[in-house]
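S.K.: Input structure_27.cif, format and content: mmCIF, C-alpha atoms.
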```
data_structure
#
loop_
_atom_site.label_atom_id
_atom_site.label_comp_id
_atom_site.auth_asym_id
_atom_site.auth_seq_id
_atom_site.Cartn_x
_atom_site.Cartn_y
_atom_site.Cartn_z
CA MET A 1 -26.67 55.17 -1.26
CA THR A 2 -29.40 52.81 -0.18
CA THR A 3 -30.02 49.74 -2.26
CA GLU A 4 -33.13 47.67 -2.06
CA ALA A 5 -32.79 44.42 -0.19
CA PRO A 6 -32.98 41.46 -2.56
CA PRO A 7 -35.94 39.14 -2.28
CA THR A 8 -35.54 36.37 0.24
CA THR A 9 -34.34 33.18 -1.44
CA THR A 10 -35.04 29.63 -0.37
CA THR A 11 -31.75 28.19 -1.62
CA SER A 12 -30.61 25.43 0.77
CA THR A 13 -26.92 24.94 1.48
CA ALA A 14 -27.35 21.74 3.50
CA PRO A 15 -26.05 18.62 1.71
CA THR A 16 -28.80 16.36 0.44
CA GLY A 17 -28.89 12.60 0.80
CA ARG A 18 -28.11 12.15 -2.89
CA ARG A 19 -25.09 14.45 -2.64
CA LEU A 20 -23.80 12.63 0.45
CA TRP A 21 -24.17 9.29 -1.31
CA THR A 22 -22.32 10.62 -4.37
CA ARG A 23 -19.43 11.77 -2.18
CA THR A 24 -19.12 8.61 -0.12
CA ARG A 25 -20.16 5.81 -2.45
CA GLY A 26 -16.57 5.08 -3.55
CA ILE A 27 -15.28 4.74 0.00
CA THR A 28 -18.35 2.75 1.04
CA LEU A 29 -17.94 0.33 -1.87
CA ALA A 30 -14.24 -0.17 -1.06
CA VAL A 31 -15.01 -0.87 2.61
CA VAL A 32 -17.75 -3.36 1.67
CA LEU A 33 -15.43 -5.19 -0.73
CA ILE A 34 -12.64 -5.38 1.87
CA LEU A 35 -15.02 -6.73 4.51
CA ALA A 36 -16.48 -9.26 2.07
CA ALA A 37 -12.99 -10.45 1.10
CA ALA A 38 -11.97 -10.76 4.74
CA VAL A 39 -15.09 -12.78 5.59
CA ALA A 40 -14.57 -15.04 2.58
CA MET A 41 -10.91 -15.66 3.44
CA ALA A 42 -11.77 -16.37 7.06
CA ALA A 43 -14.50 -18.79 5.99
CA VAL A 44 -12.19 -20.64 3.60
CA ARG A 45 -9.39 -20.89 6.15
CA SER A 46 -11.74 -21.98 8.93
CA THR A 47 -13.33 -24.75 6.86
CA ALA A 48 -10.23 -25.97 5.01
CA ARG A 49 -7.55 -26.00 7.72
CA HIS A 50 -9.41 -25.84 11.01
CA GLY A 51 -7.63 -27.82 13.73
CA GLU A 52 -4.79 -28.89 11.46
CA LEU A 53 -2.61 -31.62 13.05
CA ASP A 54 -4.52 -31.29 16.32
CA PRO A 55 -5.14 -34.72 17.93
CA ARG A 56 -8.32 -33.29 19.48
CA SER A 57 -9.83 -32.24 16.13
CA ALA A 58 -12.17 -34.45 14.09
CA ASP A 59 -11.96 -32.19 11.03
CA PRO A 60 -10.44 -33.54 7.80
CA TYR A 61 -7.04 -32.02 8.57
CA GLY A 62 -7.15 -32.91 12.24
CA SER A 63 -5.44 -35.94 13.82
CA ARG A 64 -8.02 -37.27 16.28
CA ALA A 65 -8.24 -40.65 14.50
CA VAL A 66 -4.54 -41.34 15.09
CA ALA A 67 -4.84 -40.42 18.77
CA GLU A 68 -7.84 -42.73 19.27
CA LEU A 69 -6.13 -45.67 17.56
CA LEU A 70 -3.05 -45.13 19.72
CA ASP A 71 -5.23 -45.00 22.83
CA GLN A 72 -6.73 -48.37 21.92
CA ARG A 73 -3.17 -49.75 21.86
CA GLY A 74 -2.37 -48.37 25.28
CA VAL A 75 -0.48 -45.24 24.17
CA SER A 76 -1.57 -42.07 25.96
CA THR A 77 -1.58 -38.77 24.07
CA ARG A 78 -0.94 -35.43 25.75
CA VAL A 79 -1.19 -32.08 23.92
CA VAL A 80 1.20 -29.27 24.90
CA THR A 81 1.54 -25.79 23.41
CA THR A 82 4.61 -24.34 25.13
CA LEU A 83 8.27 -25.21 24.89
CA ASP A 84 8.67 -25.63 28.64
CA GLU A 85 5.89 -28.24 28.73
CA ALA A 86 7.44 -30.10 25.80
CA ARG A 87 10.93 -30.13 27.34
CA SER A 88 9.69 -31.30 30.74
CA ALA A 89 7.67 -34.13 29.16
CA THR A 90 10.57 -35.75 27.29
CA GLY A 91 11.89 -39.06 28.55
CA PRO A 92 12.97 -42.57 27.49
CA ASP A 93 9.36 -43.81 27.58
CA THR A 94 7.99 -40.87 25.58
CA THR A 95 7.59 -39.95 21.91
CA LEU A 96 7.67 -36.19 21.29
CA LEU A 97 5.91 -35.09 18.09
CA VAL A 98 6.62 -31.51 16.95
CA ALA A 99 3.75 -30.58 14.63
CA VAL A 100 5.08 -27.35 13.07
CA PRO A 101 8.84 -27.10 13.73
CA ASP A 102 9.27 -24.07 11.45
CA ARG A 103 7.07 -22.04 13.82
CA LEU A 104 9.77 -22.20 16.49
CA THR A 105 12.39 -19.49 16.79
CA HIS A 106 16.07 -20.45 16.59
CA ARG A 107 16.41 -20.02 20.34
CA GLN A 108 13.46 -22.33 20.94
CA GLN A 109 14.92 -24.87 18.52
CA ASP A 110 18.25 -24.91 20.36
CA ARG A 111 16.56 -25.42 23.73
CA LEU A 112 14.32 -28.18 22.36
CA HIS A 113 17.24 -29.98 20.73
CA SER A 114 19.23 -30.00 23.97
CA ALA A 115 16.27 -31.62 25.74
CA MET A 116 15.78 -34.15 22.92
CA ALA A 117 19.42 -35.23 22.82
CA ASP A 118 19.43 -36.31 26.48
CA SER A 119 15.91 -37.74 26.70
CA GLY A 120 16.51 -41.24 25.34
CA GLY A 121 13.08 -41.16 23.71
CA ARG A 122 11.86 -40.65 20.15
CA THR A 123 11.31 -37.28 18.51
CA VAL A 124 9.17 -36.93 15.37
CA LEU A 125 9.56 -33.74 13.33
CA VAL A 126 6.65 -33.21 10.93
CA ALA A 127 7.44 -31.38 7.66
CA ALA A 128 10.47 -29.56 9.08
CA GLY A 129 11.88 -27.10 6.54
CA SER A 130 15.30 -25.52 6.21
CA TRP A 131 14.42 -23.01 8.96
CA SER A 132 14.32 -25.71 11.65
CA VAL A 133 15.62 -29.08 10.51
CA GLU A 134 19.33 -28.19 10.64
CA ARG A 135 19.05 -27.18 14.32
CA LEU A 136 16.64 -29.87 15.49
CA ALA A 137 18.38 -32.63 13.50
CA PRO A 138 22.02 -31.59 12.93
CA GLY A 139 23.49 -33.15 9.82
CA VAL A 140 20.17 -33.09 7.93
CA THR A 141 19.47 -30.61 5.14
CA ALA A 142 16.10 -29.84 3.55
CA ASP A 143 16.06 -29.66 -0.24
CA PRO A 144 14.47 -26.48 -1.68
CA ALA A 145 12.32 -28.53 -4.09
CA VAL A 146 9.55 -30.66 -2.64
CA SER A 147 8.55 -34.09 -3.87
CA GLY A 148 6.52 -34.19 -7.05
CA ASN A 149 4.61 -37.30 -5.95
CA SER A 150 2.60 -37.72 -2.78
CA THR A 151 2.51 -41.53 -2.62
CA LEU A 152 5.89 -43.20 -2.40
CA ALA A 153 7.35 -46.67 -1.76
CA PRO A 154 9.57 -47.25 1.30
CA ASP A 155 12.67 -48.61 -0.50
CA CYS A 156 14.66 -48.93 2.76
CA ALA A 157 15.42 -51.45 5.51
CA LEU A 158 13.52 -49.66 8.30
CA PRO A 159 11.10 -52.27 9.73
CA GLU A 160 8.28 -49.78 10.30
CA ALA A 161 8.43 -48.58 6.69
CA ARG A 162 8.67 -52.10 5.22
CA ARG A 163 5.62 -53.25 7.19
CA ALA A 164 3.59 -50.17 6.21
CA GLY A 165 4.49 -50.27 2.53
CA THR A 166 3.45 -47.46 0.24
CA ALA A 167 2.44 -44.28 2.10
CA ASP A 168 1.69 -40.59 1.49
CA THR A 169 5.01 -39.18 2.66
CA GLY A 170 5.78 -37.01 -0.37
CA GLY A 171 6.66 -33.46 0.69
CA VAL A 172 9.91 -31.98 1.94
CA ARG A 173 12.95 -33.99 0.81
CA TYR A 174 16.07 -34.44 2.93
CA THR A 175 19.73 -35.31 2.62
CA THR A 176 21.86 -36.38 5.58
CA ALA A 177 25.50 -36.81 6.45
CA HIS A 178 24.76 -39.57 9.00
CA LEU A 179 25.95 -42.90 7.64
CA ASP A 180 23.78 -44.88 10.07
CA ALA A 181 20.55 -43.05 9.17
CA ASP A 182 17.61 -44.88 7.60
CA SER A 183 16.60 -43.04 4.41
CA CYS A 184 13.10 -44.09 3.34
CA TYR A 185 10.43 -43.18 0.79
CA PRO A 186 12.83 -41.57 -1.70
CA SER A 187 11.72 -39.10 -4.34
CA GLU A 188 14.36 -38.67 -7.04
CA ARG A 189 16.93 -40.24 -4.69
CA LEU A 190 16.17 -37.86 -1.83
CA ALA A 191 14.45 -39.27 1.26
CA THR A 192 11.12 -37.97 2.57
CA LEU A 193 11.49 -39.92 5.84
CA LEU A 194 14.67 -40.19 7.89
CA ARG A 195 15.39 -42.02 11.15
CA LEU A 196 18.49 -40.80 12.96
CA PRO A 197 19.73 -42.90 15.91
CA ALA A 198 20.92 -40.91 18.92
CA ALA A 199 24.64 -40.67 19.55
CA SER A 200 24.15 -42.61 22.78
CA GLY A 201 21.27 -44.55 24.26
CA SER A 202 18.17 -45.92 22.57
CA GLY A 203 16.68 -42.62 21.49
CA ASP A 204 16.20 -41.52 17.89
CA THR A 205 14.81 -38.72 15.74
CA VAL A 206 12.36 -39.26 12.88
CA VAL A 207 12.08 -36.52 10.24
CA LEU A 208 8.83 -36.83 8.29
CA GLY A 209 8.56 -34.83 5.07
CA ALA A 210 4.76 -34.47 4.97
CA PRO A 211 1.94 -34.54 7.55
CA ASP A 212 -0.51 -36.42 5.29
CA ILE A 213 -0.27 -39.76 7.11
CA LEU A 214 -1.57 -38.04 10.29
CA TYR A 215 -4.66 -36.41 8.75
CA ASN A 216 -8.08 -37.88 9.52
CA ASP A 217 -9.15 -37.99 5.88
CA ARG A 218 -5.91 -39.65 4.69
CA LEU A 219 -5.39 -42.18 7.47
CA ASP A 220 -7.28 -44.99 5.71
CA GLU A 221 -5.35 -44.62 2.45
CA GLN A 222 -2.25 -46.59 1.40
CA GLY A 223 -0.20 -47.67 4.43
CA ASN A 224 -0.67 -44.33 6.23
CA ALA A 225 -2.33 -45.74 9.34
CA SER A 226 0.28 -48.49 9.78
CA LEU A 227 3.19 -46.10 9.38
CA ALA A 228 1.70 -43.47 11.71
CA LEU A 229 0.90 -45.99 14.46
CA GLN A 230 4.35 -47.56 14.31
CA LEU A 231 6.20 -44.24 14.36
CA LEU A 232 4.13 -42.76 17.20
CA GLY A 233 3.39 -45.95 19.15
CA SER A 234 6.89 -47.18 19.92
CA ARG A 235 6.67 -45.71 23.48
CA HIS A 236 3.91 -45.76 26.06
CA HIS A 237 3.44 -41.98 26.08
CA LEU A 238 3.02 -39.54 23.19
CA VAL A 239 3.51 -35.80 23.75
CA TRP A 240 1.94 -33.86 20.88
CA TYR A 241 3.61 -30.45 20.72
CA LEU A 242 1.65 -27.74 18.85
CA PRO A 243 3.97 -24.67 18.85
CA SER A 244 2.18 -21.43 19.56
CA LEU A 245 3.18 -17.92 18.50
CA SER A 246 2.13 -16.68 21.94
CA ASP A 247 4.75 -18.84 23.69
CA ALA A 248 7.05 -16.42 25.56
CA SER A 249 9.93 -18.91 25.69
CA GLY A 250 11.34 -17.59 22.42
CA ALA A 251 12.17 -14.19 23.93
CA PRO A 252 15.72 -13.46 25.13
CA THR A 253 16.35 -14.12 28.80
CA GLY A 254 17.02 -11.28 31.22
CA GLY A 255 15.68 -7.76 31.04
CA GLN A 256 12.50 -6.53 29.50
CA LYS A 257 11.32 -7.50 26.04
CA GLY A 258 12.04 -5.06 23.29
CA PHE A 259 9.64 -4.06 20.56
CA PHE A 260 11.17 -6.42 18.01
CA ASP A 261 10.96 -9.32 20.48
CA LEU A 262 7.17 -8.98 20.47
CA LEU A 263 6.94 -9.34 16.69
CA PRO A 264 6.43 -12.83 15.24
CA SER A 265 9.22 -14.48 13.33
CA GLY A 266 9.36 -13.57 9.65
CA TRP A 267 8.32 -9.95 10.15
CA LEU A 268 11.47 -8.68 8.43
CA TRP A 269 10.76 -10.70 5.29
CA ALA A 270 7.12 -9.56 5.31
CA THR A 271 8.20 -5.92 5.66
CA LEU A 272 10.55 -6.30 2.71
CA GLN A 273 7.73 -7.73 0.61
CA LEU A 274 5.48 -4.80 1.53
CA PHE A 275 8.25 -2.35 0.59
CA VAL A 276 8.71 -4.01 -2.81
CA ALA A 277 4.94 -3.99 -3.39
CA ALA A 278 4.75 -0.29 -2.52
CA ALA A 279 7.64 0.50 -4.87
CA LEU A 280 5.96 -1.40 -7.71
CA ALA A 281 2.66 0.37 -7.04
CA ALA A 282 4.39 3.77 -7.10
CA PHE A 283 6.15 2.90 -10.36
CA TRP A 284 2.84 1.75 -11.87
CA ARG A 285 1.06 4.95 -10.86
CA ALA A 286 3.86 7.19 -12.13
CA ARG A 287 2.71 7.12 -15.72
CA ARG A 288 4.25 10.52 -16.60
CA PHE A 289 7.96 11.15 -16.53
CA GLY A 290 9.29 14.67 -16.92
CA PRO A 291 7.36 17.98 -17.00
CA LEU A 292 3.65 18.09 -17.74
CA VAL A 293 2.65 19.00 -21.29
CA ALA A 294 -0.20 21.43 -21.81
CA GLU A 295 -2.85 20.07 -24.16
CA LYS A 296 -5.82 21.71 -25.76
CA LEU A 297 -9.21 20.49 -24.65
CA PRO A 298 -10.84 18.28 -27.28
CA VAL A 299 -14.21 19.98 -26.79
CA ALA A 300 -15.46 23.38 -25.68
CA ILE A 301 -16.90 23.52 -22.18
CA ARG A 302 -19.83 25.81 -21.44
CA ALA A 303 -19.16 28.67 -19.08
CA SER A 304 -22.00 27.57 -16.81
CA GLU A 305 -20.42 24.16 -16.34
CA THR A 306 -17.03 25.71 -15.56
CA THR A 307 -18.61 28.10 -13.06
CA GLU A 308 -20.57 25.30 -11.40
CA GLY A 309 -17.52 23.07 -11.15
CA ARG A 310 -15.41 25.84 -9.66
CA ALA A 311 -18.16 26.65 -7.16
CA ARG A 312 -18.27 23.03 -6.04
CA LEU A 313 -14.51 23.07 -5.49
CA TYR A 314 -14.81 26.23 -3.39
CA ARG A 315 -17.59 24.62 -1.37
CA LYS A 316 -15.70 21.38 -0.88
CA ALA A 317 -12.66 23.33 0.39
CA ASP A 318 -14.89 25.57 2.56
CA ALA A 319 -13.24 28.59 0.86
CA ARG A 320 -15.99 31.21 1.23
CA ASP A 321 -13.40 34.01 1.43
CA ARG A 322 -11.93 33.16 -1.97
CA ALA A 323 -15.36 32.71 -3.50
CA ALA A 324 -16.49 36.11 -2.18
CA ASP A 325 -13.30 37.77 -3.48
CA ALA A 326 -13.88 36.25 -6.92
CA LEU A 327 -17.52 37.44 -7.01
CA ARG A 328 -16.67 40.98 -5.85
CA SER A 329 -13.70 41.28 -8.23
CA ALA A 330 -15.80 40.22 -11.23
CA THR A 331 -18.60 42.63 -10.25
CA ARG A 332 -16.18 45.55 -9.84
CA THR A 333 -14.64 44.77 -13.23
CA ARG A 334 -18.07 44.91 -14.90
CA LEU A 335 -19.26 48.01 -12.99
CA ALA A 336 -16.18 50.17 -13.69
CA PRO A 337 -16.86 50.79 -17.42
CA LEU A 338 -20.55 51.50 -16.63
CA ALA A 339 -19.51 54.19 -14.12
CA GLY A 340 -16.86 55.69 -16.41
CA VAL A 341 -13.90 54.37 -14.42
CA PRO A 342 -10.93 52.72 -16.18
CA VAL A 343 -10.75 48.98 -15.62
CA VAL A 344 -7.28 49.30 -14.09
CA GLN A 345 -8.86 51.37 -11.28
CA ALA A 346 -11.85 49.10 -10.79
CA HIS A 347 -10.40 47.62 -7.60
CA THR A 348 -9.51 50.99 -6.02
CA PRO A 349 -12.25 52.14 -3.63
CA GLU A 350 -11.27 55.84 -3.97
CA ALA A 351 -11.86 55.73 -7.72
CA LEU A 352 -14.83 53.33 -8.05
CA LEU A 353 -17.10 54.22 -5.14
CA PRO A 354 -17.52 57.97 -5.87
CA ALA A 355 -18.34 57.22 -9.51
CA LEU A 356 -20.97 54.66 -8.50
CA SER A 357 -22.45 56.98 -5.83
CA ALA A 358 -22.89 59.67 -8.48
CA ARG A 359 -25.06 57.34 -10.54
CA LEU A 360 -27.07 56.10 -7.56
CA SER A 361 -28.89 57.80 -4.73
CA GLY A 362 -27.52 57.74 -1.15
CA ASP A 363 -24.01 57.62 0.30
CA GLY A 364 -21.29 55.11 -0.46
CA GLN A 365 -21.12 53.40 2.90
CA ASP A 366 -23.24 50.43 1.82
CA LEU A 367 -21.35 50.21 -1.46
CA HIS A 368 -18.00 49.95 0.34
CA SER A 369 -19.27 47.12 2.56
CA LEU A 370 -20.78 45.36 -0.42
CA LEU A 371 -17.88 45.62 -2.85
CA PHE A 372 -14.88 45.70 -0.46
CA GLY A 373 -16.25 44.24 2.79
CA PRO A 374 -15.14 41.25 4.88
CA PRO A 375 -15.77 37.68 3.74
CA PRO A 376 -19.15 36.10 4.64
CA GLY A 377 -19.36 33.92 7.73
CA ASP A 378 -21.37 31.04 6.29
CA ASP A 379 -22.86 29.71 3.07
CA ALA A 380 -26.14 31.55 3.58
CA ALA A 381 -24.28 34.88 3.87
CA LEU A 382 -22.33 34.03 0.70
CA ILE A 383 -25.56 33.44 -1.21
CA ALA A 384 -27.00 36.70 0.13
CA LEU A 385 -23.85 38.55 -1.01
CA THR A 386 -24.26 37.07 -4.48
CA ASP A 387 -27.86 38.27 -4.70
CA GLN A 388 -26.90 41.78 -3.51
CA LEU A 389 -24.08 42.07 -6.05
CA ASP A 390 -26.43 40.97 -8.80
CA ALA A 391 -29.06 43.51 -7.71
CA LEU A 392 -26.45 46.31 -7.61
CA GLU A 393 -25.27 45.53 -11.13
CA ARG A 394 -28.83 45.56 -12.46
CA GLU A 395 -29.51 48.91 -10.78
CA VAL A 396 -26.35 50.47 -12.25
CA ARG A 397 -27.24 49.27 -15.72
CA ARG A 398 -30.74 50.79 -15.44
CA SER A 399 -29.49 54.17 -14.12
#
```
Write out the structure in this file as structure tokens.

M.R.:
Amino acid sequence: MTTEAPPTTTTSTAPTGRRLWTRTRGITLAVVLILAAAVAMAAVRSTARHGELDPRSADPYGSRAVAELLDQRGVSTRVVTTLDEARSATGPDTTLLVAVPDRLTHRQQDRLHSAMADSGGRTVLVAAGSWSVERLAPGVTADPAVSGNSTLAPDCALPEARRAGTADTGGVRYTTAHLDADSCYPSERLATLLRLPAASGSGDTVVLGAPDILYNDRLDEQGNASLALQLLGSRHHLVWYLPSLSDASGAPTGGQKGFFDLLPSGWLWATLQLFVAAALAAFWRARRFGPLVAEKLPVAIRASETTEGRARLYRKADARDRAADALRSATRTRLAPLAGVPVVQAHTPEALLPALSARLSGDGQDLHSLLFGPPPGDDAALIALTDQLDALEREVRRS
């Protein structure tokens, strides 16, 4: 049998700009929102806390004003960022200020404490929490609750505190087992400033609960400037230690570094938080428990909409073979009654093709390729197959 070739169609299978935008607009919007949030967070962090506790920074949270006032009084300030530099700079004529003690690993804290104990100088720990204060200042414990007030009165016999008067020391609160320690600026009977004399020599350790008295924008308030200059200006040299996460001194000695040695401190706690967040998100998304329940649709859906939706799914999955099988199967099912073949034999070539050839002119070679042939190679071939099946069905109905 020879069937007439269907008229050439101009249907385009290439995705249009509108279709591409519909597919990707959700992902694009999410990416834009993430980038905007990242830029906003970076801007806030860079403007609010840029150069925090850095004696070279003139920003509000920097400490350049303290360094310049100390320089006018003949006290030199040197900034170091590694533990080795800080340990080598300690001495009886030096004050060592540790800006962020909690950033040090336990190994770094032990090494720094051994250098401090034998230096004979002064060490100032700024806002040391429970992670670091018990190693850097043995016998001192940080209270979990911080001070409710920022401005406090000295209420102690320490000369530096009495001369400075009220200051912004409210922050971490400490308790100590040292009977000879000076406990100053109490908040609910817990000190926010401690001075611990060394076991031997003239050295001492000062534990400061808050960094506010060192900030540029807080230096001219209360007695902050007086207290800061007295604490940091008792020796001729000030070593300002800004711990860095890139300092390799916290890694174990000997051998190569392992993977976990390269991770910053606190990664285990952060991983646990991520795991809990993922578990909560999974529980939130799991809104159905037990087997699914079949429900009737609230409205009737037109067959054309169902067909169009199914076709889009086939196209999205690039399943031309399944689409062609569905089209051929439906055509064979409709052609079988027209050719006098039972529907149960509609998908048997030996029963369907001879009956169709008897109603049409020509042999059945083209019919076999059309109704039982291989899947099309591309979308254009699939559309051509659809047109040919439609033309065959019209011809059979007219015969």

S.K.: Work out how far apart CA of Ala65 in chain A and CA of Gly51 in chain A are and give it in Å to one decimal.

M.R.: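 About the pair CA of Ala65 in chain A and CA of Gly51 in chain A: they are 12.9 Å apart.
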
S.K.: What do you get, as an NGL selection string, if you spell out every residue that the PyMOL selection byres ((chain A and resi 346) around 6) selects here?

M.R.: :A and (332-333 or 336 or 343-345 or 347-348 or 352)

S.K.: Can you build me a table of range 192-238 of chain A residues sitting at most 8 Å from range 122-132 of chain A, with the closest atom pair per residue and its distance in Å to one decimal, using only C-alpha atoms, sorted by chain and residue number, as CSV?

M.R.:
```
residue,atom,partner,partner_atom,distance
A:Gly203,CA,A:Arg122,CA,5.4
A:Asp204,CA,A:Arg122,CA,5.0
A:Thr205,CA,A:Thr123,CA,4.7
A:Val206,CA,A:Val124,CA,4.7
A:Val207,CA,A:Leu125,CA,4.9
A:Leu208,CA,A:Val126,CA,5.0
A:Gly209,CA,A:Ala127,CA,4.5
A:Ala210,CA,A:Ala127,CA,4.9
A:Pro211,CA,A:Val126,CA,5.9
A:Leu231,CA,A:Val124,CA,8.0
A:Leu232,CA,A:Val124,CA,7.9
A:Arg235,CA,A:Arg122,CA,8.0
```

S.K.: What does the distance from CA of Ser202 in chain A to CA of Met116 in chain A come to in Å, to one decimal?

M.R.: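 These two atoms are separated by 12.0 Å.
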
S.K.: Convert the output of the PyMOL selection byres ((chain A and resi 200) around 12) on the shown file into explicit residues, formatted as a ChimeraX atom specification.

M.R.: /A:116-121,196-199,201-204

S.K.: Output the residue selection produced by the PyMOL selection byres ((chain A and resi 90) around 8) on the file above, formatted as a list in words.

M.R.: Ala86, Arg87, Ser88, Ala89, Gly91, Pro92, Thr94, Thr95, Leu96, Ala115, Met116, Ser119, Gly121 and Val239 of chain A

S.K.: So what do you get for CA of Leu214 in chain A versus CA of Asp180 in chain A, distance-wise?

M.R.: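 About the pair CA of Leu214 in chain A and CA of Asp180 in chain A: they are 26.3 Å apart.
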
S.K.: Counting only C-alpha atoms, which residue out of A:Ala181, A:Val396, A:Leu242, A:Ala145 sits closest to Glu85 in chain A?

M.R.: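 When distances to Glu85 in chain A are compared using only C-alpha atoms, the smallest one comes from A:Leu242.
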
S.K.: Every residue with an atom at most 10 Å from (1.3, -44.9, 11.3) (file coordinates; all atoms listed in the file) is what I'm after, so could you write them as a list in words?

M.R.: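 Checking each residue against the 10 Å limit leaves Val66, Leu69, Leu70, Glu160, Ala161, Ala164, Ala167, Ile213, Leu214, Leu219, Gly223, Asn224, Ala225, Ser226, Leu227, Ala228, Leu229, Gln230, Leu231, Leu232 and Gly233 of chain A.
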
S.K.: I'd like to know which of A:Asp321, A:Glu308, A:Asp366, A:Glu68 is closest to Asp379 in chain A, using all atoms listed in the file.

M.R.: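 Of the candidates, the smallest distance to Asp379 in chain A is held by A:Asp321.
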
S.K.: Tell me, as a list in words, which residues lie within 9 Å of Arg135 in chain A, counting all atoms listed in the file; anything in the same chain fewer than 3 positions away does not count.

M.R.: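 The residues satisfying every condition are His106, Gln109, Asp110, His113, Trp131, Ser132, Pro138, Gly139 and Val140 of chain A.
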
S.K.: Please save C-alpha atoms of the selected residues as a PDB file, in the frame of the given file.

M.R.:
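Generated file (again-v2.pdb):
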```
ATOM      1  CA  HIS A 106      16.070 -20.450  16.590  1.00  0.00           C
ATOM      2  CA  GLN A 109      14.920 -24.870  18.520  1.00  0.00           C
ATOM      3  CA  ASP A 110      18.250 -24.910  20.360  1.00  0.00           C
ATOM      4  CA  HIS A 113      17.240 -29.980  20.730  1.00  0.00           C
ATOM      5  CA  TRP A 131      14.420 -23.010   8.960  1.00  0.00           C
ATOM      6  CA  SER A 132      14.320 -25.710  11.650  1.00  0.00           C
ATOM      7  CA  PRO A 138      22.020 -31.590  12.930  1.00  0.00           C
ATOM      8  CA  GLY A 139      23.490 -33.150   9.820  1.00  0.00           C
ATOM      9  CA  VAL A 140      20.170 -33.090   7.930  1.00  0.00           C
TER      10      VAL A 140
END
```

S.K.: For Tyr174 in chain A, please output as an MDAnalysis selection string all residues within 6 Å (counting only C-alpha atoms; exclusion window: fewer than 4 positions along the same chain).

M.R.: chainID A and resid 141:143 190:191

S.K.: Residues within 8 Å of (12.8, -45.9, 2.2), file coordinates, counting all atoms listed in the file: what are they? Give the list as a compact mmCIF listing (two decimals) with C-alpha atoms, keeping the file's coordinate frame.

M.R.:
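Produced file part-v5.txt, reproduced below:
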```txt
# COMPACT_ATOMS: atom_id res chain seq x y z
CA ALA A 153 7.35 -46.67 -1.76
CA PRO A 154 9.57 -47.25 1.30
CA ASP A 155 12.67 -48.61 -0.50
CA CYS A 156 14.66 -48.93 2.76
CA ALA A 157 15.42 -51.45 5.51
CA LEU A 158 13.52 -49.66 8.30
CA ALA A 161 8.43 -48.58 6.69
CA ASP A 182 17.61 -44.88 7.60
CA SER A 183 16.60 -43.04 4.41
CA CYS A 184 13.10 -44.09 3.34
CA TYR A 185 10.43 -43.18 0.79
CA PRO A 186 12.83 -41.57 -1.70
CA ALA A 191 14.45 -39.27 1.26
CA LEU A 193 11.49 -39.92 5.84
```
